[in-house]
file run-v8.txt (compact mmCIF, N, CA, C and O atoms)
# COMPACT_ATOMS: atom_id res chain seq x y z
N MET R 1 5.10 6.34 -18.70
CA MET R 1 5.56 5.18 -19.44
C MET R 1 5.84 5.55 -20.89
O MET R 1 5.04 6.22 -21.52
N ALA R 2 6.95 5.08 -21.38
CA ALA R 2 7.30 5.33 -22.78
C ALA R 2 6.56 4.36 -23.67
O ALA R 2 6.35 3.20 -23.33
N LYS R 3 6.13 4.84 -24.83
CA LYS R 3 5.45 4.01 -25.82
C LYS R 3 6.27 3.98 -27.10
O LYS R 3 6.99 4.94 -27.39
N LEU R 4 6.16 2.90 -27.84
CA LEU R 4 6.85 2.83 -29.12
C LEU R 4 6.43 4.01 -29.97
O LEU R 4 5.25 4.35 -30.04
N GLY R 5 7.40 4.67 -30.60
CA GLY R 5 7.12 5.84 -31.41
C GLY R 5 7.33 7.15 -30.68
O GLY R 5 7.37 8.21 -31.30
N ASP R 6 7.48 7.10 -29.34
CA ASP R 6 7.77 8.32 -28.58
C ASP R 6 9.15 8.83 -28.96
O ASP R 6 9.99 8.08 -29.45
N SER R 7 9.40 10.10 -28.73
CA SER R 7 10.71 10.67 -29.02
C SER R 7 11.23 11.44 -27.83
O SER R 7 10.47 11.86 -26.96
N LYS R 8 12.55 11.58 -27.78
CA LYS R 8 13.21 12.39 -26.75
C LYS R 8 14.51 12.91 -27.33
O LYS R 8 14.92 12.53 -28.42
N ARG R 9 15.18 13.77 -26.61
CA ARG R 9 16.45 14.35 -27.06
C ARG R 9 17.57 13.32 -26.93
O ARG R 9 17.68 12.64 -25.92
N CYS R 10 18.40 13.23 -27.96
CA CYS R 10 19.55 12.32 -27.97
C CYS R 10 20.62 12.86 -27.02
O CYS R 10 20.96 14.04 -27.07
N GLY R 11 21.16 11.98 -26.16
CA GLY R 11 22.19 12.39 -25.22
C GLY R 11 23.56 12.56 -25.87
O GLY R 11 24.48 13.09 -25.26
N VAL R 12 23.72 12.11 -27.11
CA VAL R 12 25.01 12.20 -27.80
C VAL R 12 25.11 13.46 -28.64
O VAL R 12 26.03 14.25 -28.49
N CYS R 13 24.13 13.65 -29.55
CA CYS R 13 24.23 14.78 -30.49
C CYS R 13 23.16 15.85 -30.26
O CYS R 13 23.21 16.91 -30.87
N GLY R 14 22.16 15.56 -29.42
CA GLY R 14 21.10 16.53 -29.17
C GLY R 14 19.97 16.46 -30.18
O GLY R 14 19.04 17.25 -30.15
N GLY R 15 20.04 15.48 -31.10
CA GLY R 15 18.99 15.30 -32.10
C GLY R 15 17.78 14.61 -31.50
O GLY R 15 17.60 14.55 -30.29
N VAL R 16 16.94 14.05 -32.35
CA VAL R 16 15.71 13.39 -31.93
C VAL R 16 15.91 11.88 -31.93
O VAL R 16 16.24 11.29 -32.95
N ALA R 17 15.70 11.25 -30.76
CA ALA R 17 15.77 9.80 -30.63
C ALA R 17 14.35 9.26 -30.53
O ALA R 17 13.55 9.76 -29.74
N VAL R 18 14.03 8.24 -31.33
CA VAL R 18 12.69 7.66 -31.37
C VAL R 18 12.75 6.25 -30.79
O VAL R 18 13.67 5.49 -31.07
N LEU R 19 11.76 5.90 -29.97
CA LEU R 19 11.69 4.57 -29.38
C LEU R 19 11.17 3.58 -30.43
O LEU R 19 10.06 3.72 -30.94
N ARG R 20 12.02 2.59 -30.77
CA ARG R 20 11.69 1.61 -31.80
C ARG R 20 12.09 0.22 -31.33
O ARG R 20 12.90 0.08 -30.43
N ILE R 21 11.58 -0.79 -32.02
CA ILE R 21 12.06 -2.16 -31.84
C ILE R 21 13.24 -2.32 -32.80
O ILE R 21 13.09 -2.18 -34.01
N VAL R 22 14.43 -2.61 -32.25
CA VAL R 22 15.66 -2.67 -33.04
C VAL R 22 16.32 -4.03 -32.87
O VAL R 22 16.38 -4.55 -31.76
N GLN R 23 16.84 -4.58 -33.96
CA GLN R 23 17.63 -5.81 -33.90
C GLN R 23 19.08 -5.41 -33.68
O GLN R 23 19.70 -4.82 -34.56
N PRO R 24 19.64 -5.68 -32.49
CA PRO R 24 21.04 -5.31 -32.25
C PRO R 24 21.98 -6.01 -33.23
O PRO R 24 21.73 -7.14 -33.63
N SER R 25 23.04 -5.34 -33.59
CA SER R 25 24.01 -5.90 -34.52
C SER R 25 24.80 -7.02 -33.85
O SER R 25 25.26 -6.88 -32.73
N VAL R 26 24.97 -8.12 -34.56
CA VAL R 26 25.75 -9.24 -34.04
C VAL R 26 27.19 -8.80 -33.78
O VAL R 26 27.84 -9.27 -32.86
N ALA R 27 27.68 -7.86 -34.56
CA ALA R 27 29.06 -7.40 -34.42
C ALA R 27 29.31 -6.76 -33.06
O ALA R 27 30.44 -6.75 -32.58
N THR R 28 28.28 -6.25 -32.42
CA THR R 28 28.46 -5.59 -31.13
C THR R 28 28.16 -6.50 -29.95
O THR R 28 28.27 -6.09 -28.82
N LEU R 29 27.79 -7.74 -30.22
CA LEU R 29 27.35 -8.62 -29.14
C LEU R 29 28.41 -9.57 -28.63
O LEU R 29 28.24 -10.18 -27.60
N GLY R 30 29.49 -9.75 -29.34
CA GLY R 30 30.49 -10.73 -28.92
C GLY R 30 30.11 -12.11 -29.42
O GLY R 30 29.19 -12.27 -30.22
N TRP R 31 30.79 -13.09 -28.94
CA TRP R 31 30.58 -14.46 -29.42
C TRP R 31 30.49 -15.41 -28.24
O TRP R 31 31.02 -15.14 -27.17
N VAL R 32 29.84 -16.55 -28.45
CA VAL R 32 29.75 -17.56 -27.40
C VAL R 32 31.10 -18.24 -27.25
O VAL R 32 32.03 -18.01 -28.02
N ASP R 33 31.22 -19.09 -26.26
CA ASP R 33 32.52 -19.67 -25.88
C ASP R 33 33.28 -20.34 -27.01
O ASP R 33 34.50 -20.28 -27.06
N ASP R 34 32.60 -21.03 -27.94
CA ASP R 34 33.35 -21.73 -28.98
C ASP R 34 33.83 -20.78 -30.08
O ASP R 34 34.56 -21.20 -30.98
N GLY R 35 33.43 -19.52 -30.05
CA GLY R 35 33.96 -18.52 -30.98
C GLY R 35 33.38 -18.55 -32.37
O GLY R 35 33.84 -17.83 -33.24
N SER R 36 32.34 -19.36 -32.62
CA SER R 36 31.84 -19.44 -33.99
C SER R 36 30.35 -19.17 -34.13
O SER R 36 29.88 -18.95 -35.22
N ILE R 37 29.61 -19.19 -33.05
CA ILE R 37 28.16 -19.00 -33.13
C ILE R 37 27.78 -17.70 -32.42
O ILE R 37 28.07 -17.55 -31.23
N PRO R 38 27.16 -16.75 -33.13
CA PRO R 38 26.76 -15.51 -32.46
C PRO R 38 25.61 -15.75 -31.49
O PRO R 38 24.83 -16.68 -31.65
N TYR R 39 25.52 -14.91 -30.46
CA TYR R 39 24.39 -14.99 -29.54
C TYR R 39 23.09 -14.76 -30.30
O TYR R 39 23.03 -13.95 -31.21
N ASP R 40 22.05 -15.46 -29.91
CA ASP R 40 20.73 -15.27 -30.50
C ASP R 40 20.02 -14.21 -29.68
O ASP R 40 19.51 -14.49 -28.60
N VAL R 41 20.01 -12.98 -30.17
CA VAL R 41 19.42 -11.87 -29.43
C VAL R 41 18.16 -11.40 -30.15
O VAL R 41 18.22 -11.05 -31.32
N PRO R 42 17.04 -11.40 -29.44
CA PRO R 42 15.79 -10.93 -30.08
C PRO R 42 15.81 -9.42 -30.24
O PRO R 42 16.57 -8.72 -29.58
N PRO R 43 14.95 -8.90 -31.13
CA PRO R 43 14.84 -7.44 -31.26
C PRO R 43 14.44 -6.83 -29.92
O PRO R 43 13.65 -7.40 -29.16
N LEU R 44 14.98 -5.67 -29.62
CA LEU R 44 14.75 -5.00 -28.34
C LEU R 44 14.23 -3.59 -28.55
O LEU R 44 14.58 -2.94 -29.53
N PRO R 45 13.41 -3.09 -27.60
CA PRO R 45 13.02 -1.68 -27.68
C PRO R 45 14.21 -0.81 -27.32
O PRO R 45 14.84 -0.99 -26.28
N MET R 46 14.57 0.11 -28.20
CA MET R 46 15.71 1.00 -27.96
C MET R 46 15.41 2.38 -28.51
O MET R 46 14.65 2.53 -29.45
N TRP R 47 16.03 3.39 -27.89
CA TRP R 47 15.97 4.75 -28.42
C TRP R 47 16.99 4.83 -29.54
O TRP R 47 18.16 4.57 -29.33
N GLN R 48 16.55 5.17 -30.76
CA GLN R 48 17.44 5.28 -31.91
C GLN R 48 17.40 6.72 -32.41
O GLN R 48 16.35 7.23 -32.78
N CYS R 49 18.59 7.35 -32.44
CA CYS R 49 18.67 8.75 -32.87
C CYS R 49 18.52 8.86 -34.38
O CYS R 49 19.15 8.11 -35.13
N GLU R 50 17.70 9.80 -34.81
CA GLU R 50 17.49 10.05 -36.23
C GLU R 50 18.73 10.68 -36.88
O GLU R 50 18.97 10.51 -38.06
N ASP R 51 19.52 11.42 -36.10
CA ASP R 51 20.66 12.16 -36.65
C ASP R 51 21.97 11.37 -36.61
O ASP R 51 22.64 11.23 -37.61
N CYS R 52 22.35 10.85 -35.43
CA CYS R 52 23.65 10.18 -35.31
C CYS R 52 23.53 8.66 -35.26
O CYS R 52 24.53 7.96 -35.18
N ASP R 53 22.30 8.11 -35.25
CA ASP R 53 22.04 6.67 -35.23
C ASP R 53 22.51 6.01 -33.94
O ASP R 53 22.69 4.80 -33.89
N ASP R 54 22.72 6.79 -32.87
CA ASP R 54 23.09 6.22 -31.57
C ASP R 54 21.93 5.40 -31.03
O ASP R 54 20.76 5.74 -31.23
N LEU R 55 22.24 4.27 -30.37
CA LEU R 55 21.21 3.41 -29.77
C LEU R 55 21.36 3.43 -28.26
O LEU R 55 22.46 3.25 -27.74
N LEU R 56 20.26 3.62 -27.57
CA LEU R 56 20.25 3.60 -26.11
C LEU R 56 19.20 2.60 -25.66
O LEU R 56 18.03 2.74 -25.98
N PRO R 57 19.61 1.55 -24.92
CA PRO R 57 18.65 0.55 -24.45
C PRO R 57 17.60 1.18 -23.53
O PRO R 57 17.85 2.16 -22.84
N LEU R 58 16.44 0.56 -23.51
CA LEU R 58 15.35 1.01 -22.65
C LEU R 58 15.12 -0.05 -21.59
O LEU R 58 15.21 -1.24 -21.88
N GLY R 59 14.80 0.37 -20.39
CA GLY R 59 14.51 -0.57 -19.30
C GLY R 59 13.15 -1.23 -19.49
O GLY R 59 12.69 -1.44 -20.60
N ASP R 60 12.46 -1.54 -18.40
CA ASP R 60 11.17 -2.22 -18.46
C ASP R 60 10.01 -1.24 -18.47
O ASP R 60 8.95 -1.52 -17.96
N GLU R 61 10.20 -0.07 -19.08
CA GLU R 61 9.17 0.96 -19.04
C GLU R 61 8.43 1.10 -20.37
O GLU R 61 7.86 2.13 -20.66
N VAL R 62 8.42 0.06 -21.20
CA VAL R 62 7.77 0.14 -22.50
C VAL R 62 6.31 -0.27 -22.40
O VAL R 62 5.98 -1.24 -21.76
N GLU R 63 5.46 0.50 -23.05
CA GLU R 63 4.04 0.17 -23.15
C GLU R 63 3.74 0.03 -24.64
O GLU R 63 3.87 0.98 -25.39
N GLU R 64 3.37 -1.17 -25.06
CA GLU R 64 3.17 -1.40 -26.51
C GLU R 64 1.75 -1.12 -26.93
O GLU R 64 0.84 -1.13 -26.20

call {"tool": "encode", "arguments": {"input": "run-v8.txt", "output": "structure tokens"}}
result
Amino acid sequence: MAKLGDSKRCGVCGGVAVLRIVQPSVATLGWVDDGSIPYDVPPLPMWQCEDCDDLLPLGDEVEE
């Protein structure tokens, strides 16, 4: 089981990706049907690369 703070190799640049709680950017989420209100997305556990800042979502394998 992965724990917050664990690290692994980044699949994009080969750097170090750390498991963190990240607030996804509204710009990458799209918009609801009326086109004016962004989706309300809570912070999610994601692998974030220290070098290229790539984000990779994590499944249900987080142990806090």

call {"tool": "atom_distance", "arguments": {"input": "run-v8.txt", "atom1": "CA of Ala2 (chain R)", "atom2": "CA of Arg20 (chain R)"}}
result
10.7 Å

call {"tool": "atom_distance", "arguments": {"input": "run-v8.txt", "atom1": "atom O of Gln23 (chain R)", "atom2": "atom N of Met1 (chain R)"}}
result
24.3 Å

call {"tool": "atom_distance", "arguments": {"input": "run-v8.txt", "atom1": "CA of Val16 (chain R)", "atom2": "CA of Cys49 (chain R)"}}
result
5.6 Å

call {"tool": "residues_around", "arguments": {"input": "run-v8.txt", "residues": "Gly15 (chain R)", "least_positions_apart": "6", "cutoff": "8 Å", "atoms": "all atoms listed in the file", "output": "list in words"}}
result
Ser7, Lys8, Arg9, Gln48, Cys49, Glu50, Asp51 and Cys52 of chain R

call {"tool": "write_last_selection", "arguments": {"input": "run-v8.txt", "atoms": "N, CA, C and O atoms", "output": "mmCIF file, in the coordinates of the input"}}
result
data_model
loop_
_atom_site.group_PDB
_atom_site.id
_atom_site.type_symbol
_atom_site.label_atom_id
_atom_site.label_comp_id
_atom_site.auth_asym_id
_atom_site.auth_seq_id
_atom_site.Cartn_x
_atom_site.Cartn_y
_atom_site.Cartn_z
ATOM 1 N N SER R 7 9.400 10.100 -28.730
ATOM 2 C CA SER R 7 10.710 10.670 -29.020
ATOM 3 C C SER R 7 11.230 11.440 -27.830
ATOM 4 O O SER R 7 10.470 11.860 -26.960
ATOM 5 N N LYS R 8 12.550 11.580 -27.780
ATOM 6 C CA LYS R 8 13.210 12.390 -26.750
ATOM 7 C C LYS R 8 14.510 12.910 -27.330
ATOM 8 O O LYS R 8 14.920 12.530 -28.420
ATOM 9 N N ARG R 9 15.180 13.770 -26.610
ATOM 10 C CA ARG R 9 16.450 14.350 -27.060
ATOM 11 C C ARG R 9 17.570 13.320 -26.930
ATOM 12 O O ARG R 9 17.680 12.640 -25.920
ATOM 13 N N GLN R 48 16.550 5.170 -30.760
ATOM 14 C CA GLN R 48 17.440 5.280 -31.910
ATOM 15 C C GLN R 48 17.400 6.720 -32.410
ATOM 16 O O GLN R 48 16.350 7.230 -32.780
ATOM 17 N N CYS R 49 18.590 7.350 -32.440
ATOM 18 C CA CYS R 49 18.670 8.750 -32.870
ATOM 19 C C CYS R 49 18.520 8.860 -34.380
ATOM 20 O O CYS R 49 19.150 8.110 -35.130
ATOM 21 N N GLU R 50 17.700 9.800 -34.810
ATOM 22 C CA GLU R 50 17.490 10.050 -36.230
ATOM 23 C C GLU R 50 18.730 10.680 -36.880
ATOM 24 O O GLU R 50 18.970 10.510 -38.060
ATOM 25 N N ASP R 51 19.520 11.420 -36.100
ATOM 26 C CA ASP R 51 20.660 12.160 -36.650
ATOM 27 C C ASP R 51 21.970 11.370 -36.610
ATOM 28 O O ASP R 51 22.640 11.230 -37.610
ATOM 29 N N CYS R 52 22.350 10.850 -35.430
ATOM 30 C CA CYS R 52 23.650 10.180 -35.310
ATOM 31 C C CYS R 52 23.530 8.660 -35.260
ATOM 32 O O CYS R 52 24.530 7.960 -35.180
#

call {"tool": "residues_near_point", "arguments": {"input": "run-v8.txt", "point": "(18.6, -2.7, -30.4)", "cutoff": "7 Å", "atoms": "all atoms listed in the file", "output": "PDB file with N, CA, C and O atoms, keeping the file's coordinate frame"}}
result
ATOM      1  N   ARG R  20      12.020   2.590 -30.770  1.00  0.00           N
ATOM      2  CA  ARG R  20      11.690   1.610 -31.800  1.00  0.00           C
ATOM      3  C   ARG R  20      12.090   0.220 -31.330  1.00  0.00           C
ATOM      4  O   ARG R  20      12.900   0.080 -30.430  1.00  0.00           O
ATOM      5  N   ILE R  21      11.580  -0.790 -32.020  1.00  0.00           N
ATOM      6  CA  ILE R  21      12.060  -2.160 -31.840  1.00  0.00           C
ATOM      7  C   ILE R  21      13.240  -2.320 -32.800  1.00  0.00           C
ATOM      8  O   ILE R  21      13.090  -2.180 -34.010  1.00  0.00           O
ATOM      9  N   VAL R  22      14.430  -2.610 -32.250  1.00  0.00           N
ATOM     10  CA  VAL R  22      15.660  -2.670 -33.040  1.00  0.00           C
ATOM     11  C   VAL R  22      16.320  -4.030 -32.870  1.00  0.00           C
ATOM     12  O   VAL R  22      16.380  -4.550 -31.760  1.00  0.00           O
ATOM     13  N   GLN R  23      16.840  -4.580 -33.960  1.00  0.00           N
ATOM     14  CA  GLN R  23      17.630  -5.810 -33.900  1.00  0.00           C
ATOM     15  C   GLN R  23      19.080  -5.410 -33.680  1.00  0.00           C
ATOM     16  O   GLN R  23      19.700  -4.820 -34.560  1.00  0.00           O
ATOM     17  N   PRO R  24      19.640  -5.680 -32.490  1.00  0.00           N
ATOM     18  CA  PRO R  24      21.040  -5.310 -32.250  1.00  0.00           C
ATOM     19  C   PRO R  24      21.980  -6.010 -33.230  1.00  0.00           C
ATOM     20  O   PRO R  24      21.730  -7.140 -33.630  1.00  0.00           O
ATOM     21  N   SER R  25      23.040  -5.340 -33.590  1.00  0.00           N
ATOM     22  CA  SER R  25      24.010  -5.900 -34.520  1.00  0.00           C
ATOM     23  C   SER R  25      24.800  -7.020 -33.850  1.00  0.00           C
ATOM     24  O   SER R  25      25.260  -6.880 -32.730  1.00  0.00           O
ATOM     25  N   PRO R  42      17.040 -11.400 -29.440  1.00  0.00           N
ATOM     26  CA  PRO R  42      15.790 -10.930 -30.080  1.00  0.00           C
ATOM     27  C   PRO R  42      15.810  -9.420 -30.240  1.00  0.00           C
ATOM     28  O   PRO R  42      16.570  -8.720 -29.580  1.00  0.00           O
ATOM     29  N   PRO R  43      14.950  -8.900 -31.130  1.00  0.00           N
ATOM     30  CA  PRO R  43      14.840  -7.440 -31.260  1.00  0.00           C
ATOM     31  C   PRO R  43      14.440  -6.830 -29.920  1.00  0.00           C
ATOM     32  O   PRO R  43      13.650  -7.400 -29.160  1.00  0.00           O
ATOM     33  N   LEU R  44      14.980  -5.670 -29.620  1.00  0.00           N
ATOM     34  CA  LEU R  44      14.750  -5.000 -28.340  1.00  0.00           C
ATOM     35  C   LEU R  44      14.230  -3.590 -28.550  1.00  0.00           C
ATOM     36  O   LEU R  44      14.580  -2.940 -29.530  1.00  0.00           O
ATOM     37  N   PRO R  45      13.410  -3.090 -27.600  1.00  0.00           N
ATOM     38  CA  PRO R  45      13.020  -1.680 -27.680  1.00  0.00           C
ATOM     39  C   PRO R  45      14.210  -0.810 -27.320  1.00  0.00           C
ATOM     40  O   PRO R  45      14.840  -0.990 -26.280  1.00  0.00           O
ATOM     41  N   MET R  46      14.570   0.110 -28.200  1.00  0.00           N
ATOM     42  CA  MET R  46      15.710   1.000 -27.960  1.00  0.00           C
ATOM     43  C   MET R  46      15.410   2.380 -28.510  1.00  0.00           C
ATOM     44  O   MET R  46      14.650   2.530 -29.450  1.00  0.00           O
ATOM     45  N   LEU R  55      22.240   4.270 -30.370  1.00  0.00           N
ATOM     46  CA  LEU R  55      21.210   3.410 -29.770  1.00  0.00           C
ATOM     47  C   LEU R  55      21.360   3.430 -28.260  1.00  0.00           C
ATOM     48  O   LEU R  55      22.460   3.250 -27.740  1.00  0.00           O
ATOM     49  N   PRO R  57      19.610   1.550 -24.920  1.00  0.00           N
ATOM     50  CA  PRO R  57      18.650   0.550 -24.450  1.00  0.00           C
ATOM     51  C   PRO R  57      17.600   1.180 -23.530  1.00  0.00           C
ATOM     52  O   PRO R  57      17.850   2.160 -22.840  1.00  0.00           O
TER      53      PRO R  57
END

call {"tool": "residues_around", "arguments": {"input": "run-v8.txt", "residues": "Leu19 (chain R)", "least_positions_apart": "3", "cutoff": "4.5 Å", "atoms": "all atoms listed in the file", "output": "ChimeraX atom specification"}}
result
/R:4-6,46-47

call {"tool": "write_last_selection", "arguments": {"input": "run-v8.txt", "atoms": "N, CA, C and O atoms", "output": "CSV table (one decimal), in the coordinates of the input"}}
result
chain,number,residue,atom,x,y,z
R,4,LEU,N,6.2,2.9,-27.8
R,4,LEU,CA,6.8,2.8,-29.1
R,4,LEU,C,6.4,4.0,-30.0
R,4,LEU,O,5.2,4.4,-30.0
R,5,GLY,N,7.4,4.7,-30.6
R,5,GLY,CA,7.1,5.8,-31.4
R,5,GLY,C,7.3,7.2,-30.7
R,5,GLY,O,7.4,8.2,-31.3
R,6,ASP,N,7.5,7.1,-29.3
R,6,ASP,CA,7.8,8.3,-28.6
R,6,ASP,C,9.2,8.8,-29.0
R,6,ASP,O,10.0,8.1,-29.4
R,46,MET,N,14.6,0.1,-28.2
R,46,MET,CA,15.7,1.0,-28.0
R,46,MET,C,15.4,2.4,-28.5
R,46,MET,O,14.6,2.5,-29.4
R,47,TRP,N,16.0,3.4,-27.9
R,47,TRP,CA,16.0,4.8,-28.4
R,47,TRP,C,17.0,4.8,-29.5
R,47,TRP,O,18.2,4.6,-29.3
